[in-house]
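Student: This one is work28.cif, mmCIF, C-alpha atoms.
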```cif
data_upload
#
loop_
_atom_site.group_PDB
_atom_site.id
_atom_site.type_symbol
_atom_site.label_atom_id
_atom_site.label_comp_id
_atom_site.auth_asym_id
_atom_site.auth_seq_id
_atom_site.Cartn_x
_atom_site.Cartn_y
_atom_site.Cartn_z
ATOM 1 C CA MET C 18 0.000 0.000 0.000
ATOM 2 C CA GLN C 19 1.921 3.003 -1.278
ATOM 3 C CA ARG C 20 1.218 6.644 -0.489
ATOM 4 C CA ARG C 21 -0.480 8.417 -3.387
ATOM 5 C CA ASN C 22 -1.095 12.136 -3.071
ATOM 6 C CA LEU C 23 -4.217 12.191 -5.229
ATOM 7 C CA VAL C 24 -7.619 13.607 -4.419
ATOM 8 C CA ARG C 25 -10.554 11.219 -4.277
ATOM 9 C CA PRO C 26 -14.283 11.927 -4.476
ATOM 10 C CA VAL C 27 -16.416 10.629 -1.633
ATOM 11 C CA ALA C 28 -20.011 11.040 -0.586
ATOM 12 C CA LEU C 29 -21.398 11.712 2.849
ATOM 13 C CA THR C 30 -24.842 13.258 2.442
ATOM 14 C CA GLY C 31 -27.128 12.083 5.241
ATOM 15 C CA ILE C 32 -24.537 11.438 7.926
ATOM 16 C CA LEU C 33 -25.205 14.906 9.293
ATOM 17 C CA GLY C 34 -28.860 14.133 9.895
ATOM 18 C CA LEU C 35 -28.051 10.872 11.633
ATOM 19 C CA VAL C 36 -25.503 12.474 13.952
ATOM 20 C CA SER C 37 -27.980 15.232 14.743
ATOM 21 C CA ALA C 38 -30.605 12.632 15.591
ATOM 22 C CA LEU C 39 -28.141 11.041 17.993
ATOM 23 C CA GLY C 40 -28.015 14.231 19.975
ATOM 24 C CA ALA C 41 -25.121 16.212 18.537
ATOM 25 C CA VAL C 42 -25.407 19.961 19.091
ATOM 26 C CA GLY C 43 -24.141 22.978 17.206
ATOM 27 C CA VAL C 44 -24.516 21.257 13.863
ATOM 28 C CA VAL C 45 -24.106 23.354 10.732
ATOM 29 C CA THR C 46 -26.507 22.704 7.864
ATOM 30 C CA ALA C 47 -24.720 20.880 5.060
ATOM 31 C CA THR C 48 -24.684 22.139 1.521
ATOM 32 C CA SER C 49 -25.705 19.692 -1.196
ATOM 33 C CA ALA C 50 -23.034 17.057 -1.761
ATOM 34 C CA GLN C 51 -21.510 16.632 -5.192
ATOM 35 C CA ALA C 52 -19.862 13.548 -6.645
ATOM 36 C CA THR C 53 -16.611 15.426 -7.106
ATOM 37 C CA ALA C 54 -13.319 15.543 -5.253
ATOM 38 C CA PHE C 55 -13.404 17.425 -1.973
ATOM 39 C CA PRO C 56 -10.733 20.092 -1.441
ATOM 40 C CA PRO C 57 -7.453 18.837 0.030
ATOM 41 C CA SER C 58 -7.627 19.164 3.816
ATOM 42 C CA THR C 59 -4.947 19.578 6.431
ATOM 43 C CA SER C 60 -5.729 16.169 7.897
ATOM 44 C CA ALA C 61 -2.871 13.694 7.747
ATOM 45 C CA CYS C 62 -4.091 10.248 8.742
ATOM 46 C CA ASN C 63 -2.624 6.770 8.795
ATOM 47 C CA TYR C 64 -4.694 3.585 8.743
ATOM 48 C CA SER C 65 -3.742 0.088 9.835
ATOM 49 C CA ASN C 66 -5.212 -3.259 10.781
ATOM 50 C CA SER C 67 -3.937 -6.693 11.720
ATOM 51 C CA THR C 68 -2.533 -7.262 8.215
ATOM 52 C CA THR C 69 -1.581 -3.738 7.100
ATOM 53 C CA ALA C 70 1.119 -1.454 8.505
ATOM 54 C CA PRO C 71 0.158 2.203 9.068
ATOM 55 C CA ASN C 72 -0.128 4.109 5.770
ATOM 56 C CA THR C 73 -2.151 6.929 4.236
ATOM 57 C CA LEU C 74 -3.987 4.959 1.553
ATOM 58 C CA GLY C 75 -5.950 2.292 3.411
ATOM 59 C CA VAL C 76 -5.989 -1.307 4.542
ATOM 60 C CA VAL C 77 -6.059 -4.760 2.974
ATOM 61 C CA GLY C 78 -7.119 -8.095 4.428
ATOM 62 C CA VAL C 79 -10.299 -6.571 5.862
ATOM 63 C CA THR C 80 -12.752 -9.013 7.457
ATOM 64 C CA PRO C 81 -16.261 -8.363 8.822
ATOM 65 C CA GLY C 82 -16.179 -7.438 12.490
ATOM 66 C CA SER C 83 -12.483 -6.530 12.451
ATOM 67 C CA THR C 84 -11.118 -3.132 13.463
ATOM 68 C CA VAL C 85 -9.200 -0.438 11.612
ATOM 69 C CA THR C 86 -6.926 1.871 13.594
ATOM 70 C CA ILE C 87 -6.956 5.543 12.626
ATOM 71 C CA SER C 88 -4.140 7.871 13.676
ATOM 72 C CA CYS C 89 -4.131 11.492 12.478
ATOM 73 C CA SER C 90 -1.338 13.926 13.303
ATOM 74 C CA ALA C 91 -1.659 17.106 15.358
ATOM 75 C CA GLY C 92 -3.318 19.942 13.487
ATOM 76 C CA SER C 93 -5.358 17.638 11.305
ATOM 77 C CA PHE C 94 -8.625 18.897 12.789
ATOM 78 C CA ALA C 95 -9.853 21.740 14.948
ATOM 79 C CA PRO C 96 -9.391 20.932 18.657
ATOM 80 C CA GLY C 97 -12.221 18.930 20.182
ATOM 81 C CA THR C 98 -14.031 18.365 16.886
ATOM 82 C CA LEU C 99 -16.696 15.664 16.769
ATOM 83 C CA LEU C 100 -16.047 13.471 13.737
ATOM 84 C CA ALA C 101 -18.112 10.779 12.042
ATOM 85 C CA LEU C 102 -16.556 7.451 10.971
ATOM 86 C CA VAL C 103 -18.571 5.406 8.489
ATOM 87 C CA GLU C 104 -18.209 2.802 5.741
ATOM 88 C CA GLY C 105 -19.476 3.397 2.227
ATOM 89 C CA SER C 106 -19.710 1.313 -0.914
ATOM 90 C CA GLY C 107 -17.486 2.411 -3.781
ATOM 91 C CA LEU C 108 -20.697 3.374 -5.606
ATOM 92 C CA ALA C 109 -21.098 6.358 -3.263
ATOM 93 C CA GLY C 110 -18.324 8.368 -4.871
ATOM 94 C CA ILE C 111 -19.649 7.911 -8.419
ATOM 95 C CA ALA C 112 -23.419 8.042 -7.861
ATOM 96 C CA SER C 113 -25.608 10.350 -9.936
ATOM 97 C CA PRO C 114 -27.431 12.387 -8.712
ATOM 98 C CA ALA C 115 -25.449 13.441 -5.646
ATOM 99 C CA SER C 116 -28.525 13.079 -3.435
ATOM 100 C CA ALA C 117 -28.433 9.305 -4.075
ATOM 101 C CA GLU C 118 -25.055 8.906 -2.390
ATOM 102 C CA THR C 119 -26.628 8.282 1.021
ATOM 103 C CA ASN C 120 -28.149 5.082 -0.321
ATOM 104 C CA GLU C 121 -24.658 3.642 -0.796
ATOM 105 C CA ILE C 122 -23.562 4.139 2.837
ATOM 106 C CA ASP C 123 -24.072 1.816 5.815
ATOM 107 C CA LEU C 124 -25.416 4.296 8.343
ATOM 108 C CA GLY C 125 -25.472 1.500 10.911
ATOM 109 C CA SER C 126 -21.671 1.465 10.828
ATOM 110 C CA LEU C 127 -21.495 5.031 12.144
ATOM 111 C CA GLY C 128 -18.917 5.673 14.831
ATOM 112 C CA LEU C 129 -18.136 8.991 16.539
ATOM 113 C CA ALA C 130 -14.788 10.298 17.756
ATOM 114 C CA PHE C 131 -13.434 13.582 19.109
ATOM 115 C CA SER C 132 -10.158 15.111 17.998
ATOM 116 C CA ALA C 133 -7.726 15.914 20.796
ATOM 117 C CA ALA C 134 -6.767 19.344 22.073
ATOM 118 C CA ASP C 135 -3.920 19.479 19.536
ATOM 119 C CA GLY C 136 -6.190 18.526 16.649
ATOM 120 C CA SER C 137 -4.924 14.955 16.392
ATOM 121 C CA LEU C 138 -7.147 11.894 16.236
ATOM 122 C CA SER C 139 -6.676 8.425 17.662
ATOM 123 C CA ALA C 140 -9.621 6.141 17.024
ATOM 124 C CA THR C 141 -10.707 2.715 15.871
ATOM 125 C CA PHE C 142 -13.449 1.777 13.441
ATOM 126 C CA THR C 143 -15.270 -1.532 13.592
ATOM 127 C CA VAL C 144 -16.045 -3.015 10.182
ATOM 128 C CA PRO C 145 -19.733 -4.034 10.075
ATOM 129 C CA ALA C 146 -20.374 -7.738 10.536
ATOM 130 C CA ALA C 147 -22.731 -7.475 7.560
ATOM 131 C CA PHE C 148 -22.644 -4.337 5.389
ATOM 132 C CA SER C 149 -26.120 -2.960 4.746
ATOM 133 C CA ALA C 150 -27.121 0.081 2.717
ATOM 134 C CA PRO C 151 -30.489 1.175 1.298
ATOM 135 C CA ASP C 152 -29.342 0.414 -2.259
ATOM 136 C CA LEU C 153 -29.187 -3.348 -2.756
ATOM 137 C CA ASN C 154 -26.387 -2.842 -5.310
ATOM 138 C CA ALA C 155 -24.149 -1.364 -2.605
ATOM 139 C CA ALA C 156 -21.908 -4.138 -1.335
ATOM 140 C CA CYS C 157 -18.863 -4.513 0.887
ATOM 141 C CA PRO C 158 -16.827 -6.343 -0.176
ATOM 142 C CA PRO C 159 -17.654 -5.004 -3.644
ATOM 143 C CA THR C 160 -19.073 -7.201 -6.374
ATOM 144 C CA GLN C 161 -16.737 -8.436 -9.124
ATOM 145 C CA ALA C 162 -18.369 -6.026 -11.585
ATOM 146 C CA GLN C 163 -17.595 -3.114 -9.254
ATOM 147 C CA ILE C 164 -14.050 -4.394 -8.762
ATOM 148 C CA ASN C 165 -13.627 -4.544 -12.543
ATOM 149 C CA VAL C 166 -13.873 -0.741 -12.689
ATOM 150 C CA GLY C 167 -11.497 -0.352 -9.724
ATOM 151 C CA LEU C 168 -13.961 0.375 -6.929
ATOM 152 C CA THR C 169 -13.212 -0.409 -3.294
ATOM 153 C CA CYS C 170 -15.194 0.123 -0.137
ATOM 154 C CA ASP C 171 -14.221 3.254 1.806
ATOM 155 C CA LEU C 172 -13.753 4.248 5.428
ATOM 156 C CA ILE C 173 -14.747 7.917 5.610
ATOM 157 C CA VAL C 174 -13.754 10.426 8.294
ATOM 158 C CA ALA C 175 -16.038 13.460 8.092
ATOM 159 C CA ASN C 176 -16.979 16.534 10.064
ATOM 160 C CA LEU C 177 -20.510 17.415 11.083
ATOM 161 C CA SER C 178 -20.960 19.591 8.025
ATOM 162 C CA ALA C 179 -20.947 16.329 6.062
ATOM 163 C CA VAL C 180 -17.575 17.199 4.505
ATOM 164 C CA PRO C 181 -15.150 14.256 4.229
ATOM 165 C CA GLN C 182 -11.824 15.076 5.856
ATOM 166 C CA ASN C 183 -9.954 11.877 5.085
ATOM 167 C CA VAL C 184 -10.685 8.612 3.293
ATOM 168 C CA ALA C 185 -9.175 5.122 3.453
ATOM 169 C CA MET C 186 -9.795 2.478 0.812
ATOM 170 C CA MET C 187 -10.527 -1.006 2.160
ATOM 171 C CA VAL C 188 -9.783 -4.277 0.366
ATOM 172 C CA TYR C 189 -11.445 -7.326 1.890
ATOM 173 C CA GLN C 190 -9.714 -10.637 2.459
ATOM 174 C CA GLY C 191 -10.503 -13.026 -0.401
ATOM 175 C CA GLN C 192 -12.235 -10.505 -2.636
ATOM 176 C CA GLY C 193 -11.472 -10.453 -6.353
ATOM 177 C CA THR C 194 -9.106 -8.257 -8.354
ATOM 178 C CA PRO C 195 -9.880 -6.306 -11.556
ATOM 179 C CA ASN C 196 -9.699 -7.933 -14.953
ATOM 180 C CA ALA C 197 -7.069 -6.469 -17.278
ATOM 181 C CA PRO C 198 -8.166 -3.744 -19.727
ATOM 182 C CA THR C 199 -7.965 -3.965 -23.522
ATOM 183 C CA LEU C 200 -6.641 -1.739 -26.304
ATOM 184 C CA HIS C 201 -7.731 -1.167 -29.895
ATOM 185 C CA THR C 202 -6.140 1.399 -32.210
ATOM 186 C CA SER C 203 -6.564 2.619 -35.760
ATOM 187 C CA PHE C 204 -4.180 4.993 -37.545
ATOM 188 C CA THR C 205 -3.780 7.654 -40.192
ATOM 189 C CA VAL C 206 -0.542 8.967 -41.725
ATOM 190 C CA ASN C 207 0.203 12.572 -42.683
ATOM 191 C CA ARG C 208 3.680 13.447 -43.964
ATOM 192 C CA GLY C 209 5.251 10.612 -42.048
ATOM 193 C CA VAL C 210 3.482 11.387 -38.768
ATOM 194 C CA LYS C 211 1.239 8.575 -37.602
ATOM 195 C CA THR C 212 -1.827 9.335 -35.481
ATOM 196 C CA LEU C 213 -3.315 6.362 -33.650
ATOM 197 C CA THR C 214 -6.840 6.633 -32.252
ATOM 198 C CA ALA C 215 -7.263 4.506 -29.138
ATOM 199 C CA SER C 216 -10.288 2.840 -27.539
ATOM 200 C CA ASP C 217 -11.317 -0.309 -25.690
ATOM 201 C CA VAL C 218 -11.683 -3.473 -27.738
ATOM 202 C CA PRO C 219 -15.356 -3.439 -28.833
ATOM 203 C CA GLY C 220 -17.490 -5.390 -26.374
ATOM 204 C CA ALA C 221 -14.744 -5.808 -23.772
ATOM 205 C CA CYS C 222 -16.143 -3.241 -21.345
ATOM 206 C CA PRO C 223 -19.914 -3.028 -21.924
ATOM 207 C CA THR C 224 -22.579 -0.959 -20.216
ATOM 208 C CA PRO C 225 -23.629 -2.117 -17.701
ATOM 209 C CA VAL C 226 -20.410 -3.556 -16.329
ATOM 210 C CA THR C 227 -20.428 -7.320 -15.737
ATOM 211 C CA ASP C 228 -18.348 -9.808 -13.780
ATOM 212 C CA THR C 229 -16.398 -10.635 -16.960
ATOM 213 C CA SER C 230 -15.808 -7.044 -18.128
ATOM 214 C CA HIS C 231 -12.287 -5.878 -19.000
ATOM 215 C CA CYS C 232 -12.204 -2.139 -18.266
ATOM 216 C CA TRP C 233 -9.679 0.625 -17.523
ATOM 217 C CA TRP C 234 -9.850 0.546 -13.737
ATOM 218 C CA GLY C 235 -6.889 2.609 -12.491
ATOM 219 C CA ALA C 236 -8.803 5.772 -11.548
ATOM 220 C CA PRO C 237 -12.482 4.823 -11.291
ATOM 221 C CA ASN C 238 -13.767 7.796 -9.324
ATOM 222 C CA THR C 239 -11.866 10.539 -11.070
ATOM 223 C CA GLY C 240 -10.982 9.311 -14.513
ATOM 224 C CA SER C 241 -7.491 10.029 -15.792
ATOM 225 C CA PRO C 242 -6.441 12.585 -16.629
ATOM 226 C CA ASN C 243 -9.132 15.046 -15.651
ATOM 227 C CA PRO C 244 -8.052 18.646 -16.299
ATOM 228 C CA THR C 245 -10.850 20.262 -14.310
ATOM 229 C CA ALA C 246 -11.915 18.821 -10.963
ATOM 230 C CA PHE C 247 -9.115 16.321 -10.451
ATOM 231 C CA THR C 248 -5.871 18.049 -11.327
ATOM 232 C CA GLY C 249 -3.874 15.685 -9.105
ATOM 233 C CA VAL C 250 -4.466 12.671 -11.369
ATOM 234 C CA PRO C 251 -1.575 12.147 -13.816
ATOM 235 C CA GLY C 252 -1.973 11.497 -17.519
ATOM 236 C CA LEU C 253 -1.541 8.259 -19.438
ATOM 237 C CA THR C 254 1.610 7.162 -21.236
ATOM 238 C CA ALA C 255 1.977 5.244 -24.481
ATOM 239 C CA GLN C 256 4.716 3.257 -26.193
ATOM 240 C CA VAL C 257 4.730 2.543 -29.933
ATOM 241 C CA SER C 258 7.243 0.207 -31.598
ATOM 242 C CA LYS C 259 9.145 0.034 -28.272
ATOM 243 C CA VAL C 260 9.603 3.817 -28.154
ATOM 244 C CA GLN C 261 7.651 5.875 -25.635
ATOM 245 C CA ALA C 262 5.454 8.217 -27.694
ATOM 246 C CA ALA C 263 6.166 11.896 -27.107
ATOM 247 C CA THR C 264 2.601 13.109 -27.609
ATOM 248 C CA ASN C 265 -0.812 11.727 -26.684
ATOM 249 C CA THR C 266 -4.269 13.023 -25.836
ATOM 250 C CA LEU C 267 -5.330 9.844 -24.072
ATOM 251 C CA SER C 268 -7.848 9.929 -21.260
ATOM 252 C CA VAL C 269 -10.083 7.523 -19.363
ATOM 253 C CA SER C 270 -13.514 8.694 -18.241
ATOM 254 C CA ALA C 271 -14.706 8.220 -14.690
ATOM 255 C CA ALA C 272 -17.117 5.415 -13.863
ATOM 256 C CA VAL C 273 -20.689 6.536 -13.126
ATOM 257 C CA TYR C 274 -23.396 4.804 -11.116
ATOM 258 C CA CYS C 275 -26.846 5.772 -12.389
ATOM 259 C CA ALA C 276 -29.328 6.013 -9.534
ATOM 260 C CA ALA C 277 -32.963 7.035 -9.914
ATOM 261 C CA ALA C 278 -33.304 10.480 -11.546
ATOM 262 C CA ALA C 279 -29.644 10.429 -12.583
ATOM 263 C CA THR C 280 -28.382 13.703 -14.043
ATOM 264 C CA ASP C 281 -25.062 12.595 -15.532
ATOM 265 C CA PRO C 282 -25.214 12.611 -19.364
ATOM 266 C CA SER C 283 -23.805 9.083 -19.521
ATOM 267 C CA CYS C 284 -26.936 7.834 -17.739
ATOM 268 C CA ALA C 285 -29.343 9.097 -20.392
ATOM 269 C CA GLY C 286 -31.802 6.360 -21.321
ATOM 270 C CA LEU C 287 -30.340 3.853 -18.853
ATOM 271 C CA PRO C 288 -32.330 2.253 -16.029
ATOM 272 C CA ALA C 289 -31.588 3.043 -12.412
ATOM 273 C CA GLY C 290 -28.920 0.786 -10.974
ATOM 274 C CA THR C 291 -26.732 0.821 -14.109
ATOM 275 C CA LEU C 292 -22.963 0.946 -13.601
ATOM 276 C CA VAL C 293 -21.378 2.836 -16.507
ATOM 277 C CA PRO C 294 -17.720 1.850 -16.976
ATOM 278 C CA PRO C 295 -14.678 4.014 -17.648
ATOM 279 C CA GLN C 296 -13.845 4.373 -21.342
ATOM 280 C CA LEU C 297 -10.483 4.919 -23.029
ATOM 281 C CA SER C 298 -10.282 7.586 -25.748
ATOM 282 C CA GLY C 299 -7.785 9.906 -27.418
ATOM 283 C CA THR C 300 -4.865 9.720 -29.803
ATOM 284 C CA ILE C 301 -1.171 8.882 -29.889
ATOM 285 C CA THR C 302 1.184 10.678 -32.260
ATOM 286 C CA THR C 303 4.414 9.011 -33.360
ATOM 287 C CA LYS C 304 7.008 8.889 -36.147
ATOM 288 C CA THR C 305 8.121 5.341 -35.300
ATOM 289 C CA GLY C 306 6.662 2.037 -36.497
ATOM 290 C CA LEU C 307 3.143 0.950 -35.668
ATOM 291 C CA GLN C 308 3.556 -2.025 -33.365
ATOM 292 C CA PRO C 309 3.579 -3.095 -30.653
ATOM 293 C CA VAL C 310 1.381 -0.454 -29.019
ATOM 294 C CA LEU C 311 1.183 -0.193 -25.208
ATOM 295 C CA VAL C 312 -0.976 2.206 -23.186
ATOM 296 C CA ASP C 313 -0.495 2.704 -19.431
ATOM 297 C CA GLN C 314 -2.927 4.351 -17.015
ATOM 298 C CA PRO C 315 -1.971 5.617 -13.534
ATOM 299 C CA ASP C 316 -3.160 3.349 -10.736
ATOM 300 C CA THR C 317 -4.699 5.286 -7.829
ATOM 301 C CA THR C 318 -6.313 2.186 -6.280
ATOM 302 C CA PRO C 319 -4.923 -0.435 -3.869
ATOM 303 C CA TYR C 320 -5.148 -3.078 -6.602
ATOM 304 C CA ALA C 321 -1.872 -4.279 -8.132
ATOM 305 C CA GLY C 322 -1.220 -2.986 -11.641
ATOM 306 C CA ASN C 323 0.267 -4.931 -14.542
ATOM 307 C CA GLY C 324 2.267 -2.140 -16.181
ATOM 308 C CA THR C 325 5.719 -2.591 -17.715
ATOM 309 C CA LEU C 326 6.406 1.094 -18.453
ATOM 310 C CA PRO C 327 7.869 3.394 -15.747
ATOM 311 C CA ASP C 328 5.448 4.030 -12.877
ATOM 312 C CA ILE C 329 3.213 7.061 -13.459
ATOM 313 C CA VAL C 330 2.369 7.208 -9.750
ATOM 314 C CA PRO C 331 5.626 6.512 -7.855
ATOM 315 C CA GLY C 332 5.566 3.140 -6.130
ATOM 316 C CA SER C 333 2.465 1.914 -7.952
ATOM 317 C CA SER C 334 2.591 -0.226 -11.097
ATOM 318 C CA ASN C 335 0.478 1.174 -13.929
ATOM 319 C CA VAL C 336 -2.628 -0.394 -15.442
ATOM 320 C CA GLU C 337 -1.610 -1.535 -18.936
ATOM 321 C CA ALA C 338 -3.035 -2.968 -22.143
ATOM 322 C CA ALA C 339 -1.321 -3.945 -25.372
ATOM 323 C CA GLN C 340 -2.736 -3.871 -28.877
ATOM 324 C CA SER C 341 -3.364 -7.397 -30.106
ATOM 325 C CA GLY C 342 -1.975 -7.365 -33.632
ATOM 326 C CA PRO C 343 -1.242 -4.328 -35.807
ATOM 327 C CA PRO C 344 -3.402 -1.169 -35.722
ATOM 328 C CA GLU C 345 -6.081 -0.827 -38.367
ATOM 329 C CA HIS C 346 -5.706 1.788 -41.088
ATOM 330 C CA SER C 347 -8.474 4.363 -40.832
#
```
Can you give me the file's structure in the form of structure tokens?

Tutor:
Amino acid sequence: MQRRNLVRPVALTGILGLVSALGAVGVVTATSAQATAFPPSTSACNYSNSTTAPNTLGVVGVTPGSTVTISCSAGSFAPGTLLALVEGSGLAGIASPASAETNEIDLGSLGLAFSAADGSLSATFTVPAAFSAPDLNAACPPTQAQINVGLTCDLIVANLSAVPQNVAMMVYQGQGTPNAPTLHTSFTVNRGVKTLTASDVPGACPTPVTDTSHCWWGAPNTGSPNPTAFTGVPGLTAQVSKVQAATNTLSVSAAVYCAAAATDPSCAGLPAGTLVPPQLSGTITTKTGLQPVLVDQPDTTPYAGNGTLPDIVPGSSNVEAAQSGPPEHS
């Protein structure tokens, strides 16, 4: 589990109301949650369990009923702040509309903790014996289809304004790992410059996602790269004819979970409960030969990548796919 300084989107709408119902006072009314990355906070937290040493990303080997230790450094929170600890399905961070995010969270897992006088936090979170959320598609551990787009379950530390302050990804003992993605390219030539247009192999990553889907899973919540909301997510790299291509416009869209009354354009015409996968798009420009073609995506998940090109995120192998056979001429 390597440290990765990348923002992650997380949902927490509805926790505020539950904490208030439990008797919390001085609660500020939350603004509407959005399925976008929250601003980087000053919180610096480490997570550990019986199988994972303390680190900033999360824990592996999670089992129902086990505990996760949370340790945040001084200054991470305002002194004496009441914080909510809760587990959410990976669908929470990609749900559309934002108001549906509450349905992906196990409100029964809620724990409360106070930061110390120096703003540090020392707490433990008990993993639910049986995860339960209003949406029957929300599952912890995640389903294989959800894993195939890179989703994990999340331990969320939030304030009473329903703003996540820190997030740990949780990988359960014995759960599956993502299937490898695929790559298809076609090319044009102009004055010796070859432009390859990249996509998934047709049919490899369908909508909705299935247990056998092969999708680009390295940055499911944010997509990669995303030049607007998620500037911390690096771009993709490509190699053509064993030479790393100097120029590409490659990107992978974020996964989207279409809840009832979804507003995301990718959900248009789809029934509620549809998981829309990430999709590879863009071009590679090169003056070398045409094969082999490799494309690597940064891996911002706890899942092990299969990349052979230099790590895009230090300490984390990339997610990679190779063109099977030569590119097609457009």

Student: Report, in Å with one decimal, the straight-line distance from atom CA of C:Gly82 to atom CA of C:Ala147.

Tutor: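 Computing the Euclidean distance for atom CA of C:Gly82 and atom CA of C:Ala147 yields 8.2 Å.
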
Student: Starting from the PyMOL selection byres ((chain C and resi 219) around 12), expand the selection into actual residues of this file and give them as a ChimeraX atom specification.

Tutor: /C:198-202,215-218,220-224,230-232,296-297

Student: Tell me, in Å to one decimal, how far atom CA of C:Pro344 is from atom CA of C:Phe204.

Tutor: 6.5 Å

Student: I'd like to know which of C:Val103, C:Ala112, C:Val180, C:Cys89 is closest to C:Ala277, using only C-alpha atoms.

Tutor: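 Nearest to C:Ala277: C:Ala112.
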
Student: To test your reading of the syntax: which residues would the PyMOL selection byres ((chain C and resi 313-317) around 9) return for the file shown? Reply as a VMD selection string.

Tutor: chain C and resid 21 23 233 to 237 241 to 242 250 to 256 268 to 269 311 to 312 318 to 322 324 to 326 328 to 330 333 to 339

Student: Once the PyMOL selection byres ((chain C and resi 157-168) around 9) has been applied to the shown file, what residues remain in the selection, as an MDAnalysis selection string?

Tutor: chainID C and resid 79 104:108 147:149 154:156 169:170 187:190 192:197 225:238 272 292 294:295 318:320

Student: Just the number, please: distance in Å from atom CA of C:Ala263 to atom CA of C:Thr239, one decimal.

Tutor: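 Between atom CA of C:Ala263 and atom CA of C:Thr239 the gap is 24.2 Å.
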
Student: Name the closest residue to C:Pro96 among the candidates C:Val184, C:Val310, C:Leu138, C:Ala70; distances are taken between atoms, counting all atoms listed in the file.

Tutor: C:Leu138
